[in-house]
Structures are given as C-alpha cells and as structure tokens.
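Heads up: the structure comes next, in structure tokens.
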Protein chains: 2
Amino acid sequence: MKQEVKFIEENFSRFTGELKELLRISSVSTDSAYKNDIQNCAKWLKDHLEKIGLSKTEIIQTGKHPIVYSEYVSNSSTPTILIYGHYDVQPPDPLELWKSDPFEPVIENNLIIARGAVDDKGQMFIILKAIETLFKTKGCLPCNLKLVLEGEEECGSVSLFDFIKNNKEKLKADIALACDTAMVSENIPAITISLRGILYIELLVKTSDRDLHSGVYGGAITNPLNVISDLMSKIKDDVGKVTIPGFYDDVVELDESEKAAISQIPFDEKEWLKLIGSTGTKTENGCSIIEATTRRPSFNVHGIRGGYTGEGLKTVIPSEAAVKFSFRLAPNQKPEKILKGLQTYINNHIPGTVKYELRILTKADPVLIDKNNSYLRKAIDALEETFNTKAFLIGTGGSLPVVTSIKENLKIDTILMGFGLEEDGAHAPNESFSLNRFKKGIESFTRFLDSQSLS
Amino acid sequence: MKQEVKFIEENFSRFTGELKELLRISSVSTDSAYKNDIQNCAKWLKDHLEKIGLSKTEIIQTGKHPIVYSEYVSNSSTPTILIYGHYDVQPPDPLELWKSDPFEPVIENNLIIARGAVDDKGQMFIILKAIETLFKTKGCLPCNLKLVLEGEEECGSVSLFDFIKNNKEKLKADIALACDTAMVSENIPAITISLRGILYIELLVKTSDRDLHSGVYGGAITNPLNVISDLMSKIKDDVGKVTIPGFYDDVVELDESEKAAISQIPFDEKEWLKLIGSTGTKTENGCSIIEATTRRPSFNVHGIRGGYTGEGLKTVIPSEAAVKFSFRLAPNQKPEKILKGLQTYINNHIPGTVKYELRILTKADPVLIDKNNSYLRKAIDALEETFNTKAFLIGTGGSLPVVTSIKENLKIDTILMGFGLEEDGAHAPNESFSLNRFKKGIESFTRFLDSQSLS
C-alpha cells in the first residue's frame, strides 16, 4: 500500500479540484427546475468514470433521473462488489443561511463547503478515487465491480428500486458497498452494521357524518380525537414498552459483550442533549441512548389531523380525525408481523361504533450484518490500518431503503463504510466535509478493494 | 287574554310583514363589509320600538356594533324585567346552498325563510310584538322593562359584556328574559333551565429545540405528541369518568323525580343518531343522552397541532406540540376549581423533562335555575296556556355567555323561553322559522308579561 498512499498524497490536490467540479453541478433531484443539471451531472460522472479506467460505463435513463452504471470484470475467481452511491443532492434552501454559494465550493479550515459535500458526492467520490488509485498504481483492479450511481436518493429512489428489481442477474454480486454513513468522530472510524426497520401507519377514524358542537353533543358522542389519543397512549405501558402482544418476540437481544462494545463507543450524552436542546432522555427500561436508538424498537406519533388547531377556540367534536405514527423496528422484527399485532390491538381497543381505516405508508425490514461476515472483517482491517485506531461497529436508527432493496432482490448484505459526521450538516445550510476524512476515506477504500485480490 | 289573542290574530299578517322588513337588513356582525347594515338595523329597531310605544329608546354606540336600549317605567311596585335579544346574524355563506336570497324573506309552507329568521331576529321580534300587543290592548305595560338588543352575539358580544359590567345600576332588574332557545318540538314548548359551563384549555408542550428524525432519536427522546396523547387519554378512565381528583364533587346530581322528568321529554334516539350519521353513543355510566349532554360534565379534545399531517409521511419527532381541549361543566362545577385539579393532574403526569404552558381560552360557570323561581313558574303557565300542553324544563349542553354575564354582574337569573327547533337551521343555509311558533311565541310572551301585573 505504500505506492497507493503515495499516489493519493501526490494527487490529492487534483482530487479535491475534481470534487469541486462535481459539487458545482446543482443536481437537486426533488425540483424539476434542476432537471438539466441532473443530466449534466450524470454525463460528468460517465466521462469521469471512463477517464479513471472504467470504460464500460453507461447512462441509463429512467422514468425520472438517470442511473450511471459501470461494470469492470477482472477475474471470475475474485469476488464481485456492487458499489452504490448517489449524485443527487438536497435543495440548498434556506439560501440566506449559507455563508457562500452552495454550488460554488470553498475550502475553509480544511473543510470543503458546498451542497453535497458529504451527502453524498464527497463520499461517493472517495470510492471513485480509490478505484483510480488502484488502476493507476496496479494497472488493473483486484476484483470485479458493478457501480450503480443513482440520481433520486433525495426524492425516494423509485427508479433505482425498479432498476434493481428488474436487473437481478445484471447486478448479481457477492457483496454490496456504500459510502454514505457516519464515523464516530473525526479520527475514529466506524462501520454501520445494523439499521432499524420501519412500519409507518396512517389511521383514519370516523365517528359521525358531520362535525358536532361539543356543547350540544359532548358527553354522548365518541370523539375521534379522544379515540386516537387513547389508542396512541395505550399502545405503550408506563415504562415505555409497546403493549402489542408478541411485539418483542423477534428482537435480537444484545448479549453482555455486545452491550459492553456499545458502551465503549465514545458518546457524550450531555453534548448530545445540548445539541438538540432537550433536558433529559427516556429510554426503554433505562437502557443506553445508543442501544435505545439503534438496537431497540421505538414508537412515535408524527401528527394528528382533525378538529381545530387555529388561533383561538372552536368547540368542535370533529366527525373524523387521522393519526400518523410509526414503529422503528429492531433486528429481526418483521413489519408484517408487527402490522398483524397492531391490527389486533386496534380491533380490541377501538370503540365498536367507530369506523376506521388503516393505511401503510411505508415499511422496511431491519438489517443486521453478521459480525463474522468476511467482507466486514476486511473492511474493519482497512479502516484500522488507515486510521491506526480501533474501528467501531455501530448501528443507525433509521432505515436505508437501498440496503433493504439490495438485500431483498439480490440477497446480499451491504458494507456501510462511511466518513460523515453529524457536524457536517447534511441537508443543512453550509454542508461541509473534512478533507482529512476525504483523504482517509480514499485510503480506506483503496485498502479494502485491494484486500479482495487476496481472498 | 281574549282581547290580546284577538289583537295578535288580527294583526298577524302585519307582524309578519314587519318581520320581513327586519330580515331584509343584512346585519352580519362578523364581516366589516356589513357595518352600515348593522347601523341601519339598529336605527330600524329604534324607530320600531318608539312606534310600538317605547318612547325612551336610544342607540348606544360601542367600540364595535351599537346596542339598542330602551326603558319603560310603569310602577315601582311591579317587577323590572331585563329583556335580551340580538339583531345581528351569521354570514349567509355558503350562498350557493340557499334556495332563495338570504336577505329577501319568502314564506313557504307557513315557514319564513331568511338569514336570521329564527336566530335571533324572529325570536327577538316575538317579544317586541308581545309588548306592542299589551300597549295596544291595555294602553300601558303591566311591569317595568329594560330592553337590551345587541349587534355582536355572532362575533363574541365583547361590547355587550363591557356594557353590562359598566352599567350595573342602569340595568338593575328582578329577572332577565330572552327568546333565543329551543322547544321540544313544533307544538311542545320548553324552558331552558340549565346550561353547562365550560373550561377551554390550550396546552403547549415542548421537548427539544428542534424537530428530530425519528430514526436517529426515536427511543431516547420524549415526543410531545405522545405526551399529549397520554395526558388526553389518562384524563378519563375506561368507563369515561374524568380521573382528576375531586372533579365530580360539586356536580348537582339529579334525583329520581328529575331523572323521571328527563325521561318524559320526547326524544327519538334513533332519529338523533341518524341526523348526525353516528352508529352509537357512549355516555358516562350509560346514563341517558339528554342527561349526559345537559346535566353531566364532558371532556373533549378539539385539536392537536404539531408534527406532520400533510400527504404522505415525514419521520419527525416534533420539538413542540399543542392540544386544545375542554370540559363542559355541569351545575354547580366551578371552572376555577376544575382548573386547579387539571394543573395538579398535568404536574403529576407530564414527564419531568418536558416544558409546558397552559392557557385558558375561555371559561364560564354553569347555570341552573331553581325550579321554584316564581318567574319560571309564570313562564311555564304562560306556555302551557298558550300551547294547551305540558311545558318541559330542559337543559342545554352549551353555555350562553350573556346569561353568565347577567348572572355575574347583575346577580339575576335569566328565563330562557325560546321557540326555535334544530330543523330551523340556525347558522345554516335556508334558515327558517315557523309562523305557527312565531304567533304562539307572541301569545306566550304577552301572557307572561301580563302575569307580572298580578304579582
């Protein structure tokens, strides 16, 4: 790796310049005003991939934004790695909070500041530069690659999911790899090995055909907002446990060594609370915040519609109301099973005179990568060699739909080796990425890919 | 009364014509576009009052809409009756649902159809025509009168409440009288002797400084919508009783004879449910609907603000949320005492890390008129003689702020002898009032006022 590290060092200023070029393209995916920029960005990437050695690159147009796809076949006896990244970015709003133009990158205190700096252009570019480094120093790549760079991550990835579903053979690989997650801190690397699943529900409750006056009808008529409050309250007991029978049956419980490992992850609870302006936490049975937010299920009400919420007062019993709520699911809970339990719970608790409808707004399985997965072991090695310190195995409390889609369709896990930090401000004004992490990321991925030749 | 009944009969067609004139004035109080119409209406009333014999009439301008005030002094040994009515009306919207012009009254099937027909121009006019009848048949009135006709009932009565508060001596009376309530049905008269009070609250709950992602924070952070659901749910037990200690202490319980009287009020539960499109009721301990909605307290959630209620989904834990809710209070519950209990309940149940603020949006004492009140007895007699059937003593579940204001400031009860019905559609398109009830109303009030001379 001496040669590769040297190459990265010598070319790093050029790498940074190229990343700036990529960041200048305002590839906002949610707003159709940026449609041409998205296309330009895909074109730029195709050209760049070809330039660094991936000659078999194509732009695949979809119903919305194009996918940039590239294949490299080295040797059928080496593994095939499916690499995922996304080149679209969040809108730059609110513009007035940016200190510089979101699409004119500036470097300050060794940070590159622009929309997409960390999410995900900067991190995606890490992988491209690792590939280039290997090509330029070795003349070829140590394994087979399939590269999928999408342009719809920030607006739902609908085209990508169709593409994966319809191209199972084309995308066949031994493992997937993405660079869109977080480290523990600036110099402490991590791999995300667990994701929570989700079951997001909308419940509509109707008790009469028209809004009623609470003076005239109050005391005799079921109020849908009271019904919803009741259901949302009783779904949890006093210590915060979900009361749906069987809810916890499939949760993978942490053993003592895993709990110990979590407790070793550097985490400053005071700082964490300060950042969000909260004065205290409440976790299931008082477990640690990290465990609670990554390896335990949670229940949240997201919004309740109905009645009157404007200024002043209205003495209304609404005829109907609706609530949005979700369960985050711990590994290995199954959304389908939780849904069944929820339906039984609602049937048992809702007054018999009330009409209701339950809609599933989204669901995703949780993910947990086996600690003994050989690709994971190599990824850990690559990080620890690069950073010269222990790499942590962490979980994230959200879901990454692409990981679920890859798992479901291609039956492979995704190694999530990311270099972001909360302080980078993904989605926020003045989004940034540290050049230190950008460089260490390139080194780490170069090491990881290189290690495949030995397998 | 023969003479008086004959006078009403002979002049009834003129009375109806005059009511039409009054209904043609579009005295909508909530919309400043109708400001001149309000003034014209007050002027029309002043002229009319003078014409029927009330020479001491004035228009009192206020910060908003004028009060028409009239005094008649007969004899210091007869009682003084404070008569209340309102000449303002609801906006006519939605206009497209009216079959005729809301301000061009038409008569169909013995119904007069126009905005204000029943609420309250038609009913207020009943009293004026009763006064005229007595003047014309007797040459004078049998008691002293103070007439207060306001123009802000449909927009909060702020000026009226100030007027009452600042004119306690001027308005001094033995009893108040209003014609703005309901009968049991077309030919079954009623007097409203109880009103529920109200305590209407807004509770704001804040748990963090910014909205949080439920994937990242779910399981460790208190969600204000969950807090609100909990508080709203646990405020009632499983049989629908409010759990605040002492909540029921002051409720005037109905004795067996009162329950029996309520059960005799004609009431078709099936029809009632059909009208509101509901399939069932739920009352406290299964008591009757009439008891539940008029003589028992009730609790209702009116609206919950916070989080996301738009289309699709957002995985948000909002930083703050708010709920509007109210208690309807049975005679003799005191809003201040209920508020204290509520504050204790919230303090005991809200998580310690949560900031909250409790705002009182409105409060009013309940009202219960003593069944042995002598004016009430005379009002019952007047109704029973006119309709030739038993008059019922009923309650209404809402509050009438003017009754509370009169009670608080002038220390007198208000006899609520009204002739409206649900089917008249007060506030709705095609509002109407039956000429049958208009005429019987005039007879009833004539009898009632006449009976004062004998006291």
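Numbering starts fresh at 1 for the residues of each chain in the structure tokens, the chains themselves are lettered A, B, ... in the order given, and ligands are numbered from 1 as they appear.
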>> Would you pick out the contacts of Ile67 (chain A) at 6 Å or less, using only C-alpha atoms, so that residues sharing its chain but fewer than 4 positions from it are not included, and give the list as a list of chain:residue names?
In response: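 What passes the distance filter is A:Ile59, A:Ile60, A:Leu149, A:Glu150.
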Output file for the residues above (N, CA and C atoms, as a PDB file, in the first residue's frame):
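Just written: part-v5.pdb:
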```
ATOM      1  N   ILE A  59     -25.088   5.556 -19.283  1.00  0.00           N
ATOM      2  CA  ILE A  59     -26.124   6.324 -18.588  1.00  0.00           C
ATOM      3  C   ILE A  59     -27.458   5.648 -18.896  1.00  0.00           C
ATOM      4  N   ILE A  60     -28.125   5.198 -17.850  1.00  0.00           N
ATOM      5  CA  ILE A  60     -29.404   4.521 -18.052  1.00  0.00           C
ATOM      6  C   ILE A  60     -30.522   5.497 -17.702  1.00  0.00           C
ATOM      7  N   LEU A 149     -24.704   4.407  -9.595  1.00  0.00           N
ATOM      8  CA  LEU A 149     -24.789   5.753  -9.014  1.00  0.00           C
ATOM      9  C   LEU A 149     -26.141   6.336  -9.411  1.00  0.00           C
ATOM     10  N   GLU A 150     -26.982   6.542  -8.409  1.00  0.00           N
ATOM     11  CA  GLU A 150     -28.347   6.996  -8.743  1.00  0.00           C
ATOM     12  C   GLU A 150     -28.523   8.495  -8.530  1.00  0.00           C
TER      13      GLU A 150
END
```
>> List as a VMD selection string the protein and nucleic acid residues near Tyr72 (chain B), meaning an atom at most 8 Å away when only C-alpha atoms are counted, but skip any in the same chain fewer than 5 places from it.
In response: chain B and resid 54 56 144 to 146
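Between Lys165 (chain A) and the candidates A:Leu23, A:Ile369, A:Ile415, A:Leu410, the tightest atom-to-atom separation, counting only C-alpha atoms, involves A:Leu410.
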> Using only C-alpha atoms, which residues sit within 7 Å of region 251-258 of chain A once same-chain residues fewer than 4 positions away are excluded, as a PyMOL selection string?
Replying inline: chain A and resi 262+330-333
> If you measure from CA of Glu385 (chain B) to CA of Tyr84 (chain B), what distance in Å do you get, rounded to one decimal?
Replying inline: 23.4 Å
>> Can you tell me which residues surround region 110-127 of chain A at a distance of at most 8 Å, considering only C-alpha atoms, apart from same-chain residues fewer than 4 positions away, and format the answer as a PyMOL selection string?
In response: chain A and resi 19+22-23+85-90+92+101-106+131+178-180+418-420+424+426-427+429-436+438-439+441-442+445-446
>> Between CA of Pro94 (chain A) and CA of Gly277 (chain A), what distance in Å does the model show, to one decimal?
In response: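 We find that CA of Pro94 (chain A) and CA of Gly277 (chain A) lie 21.4 Å from each other.
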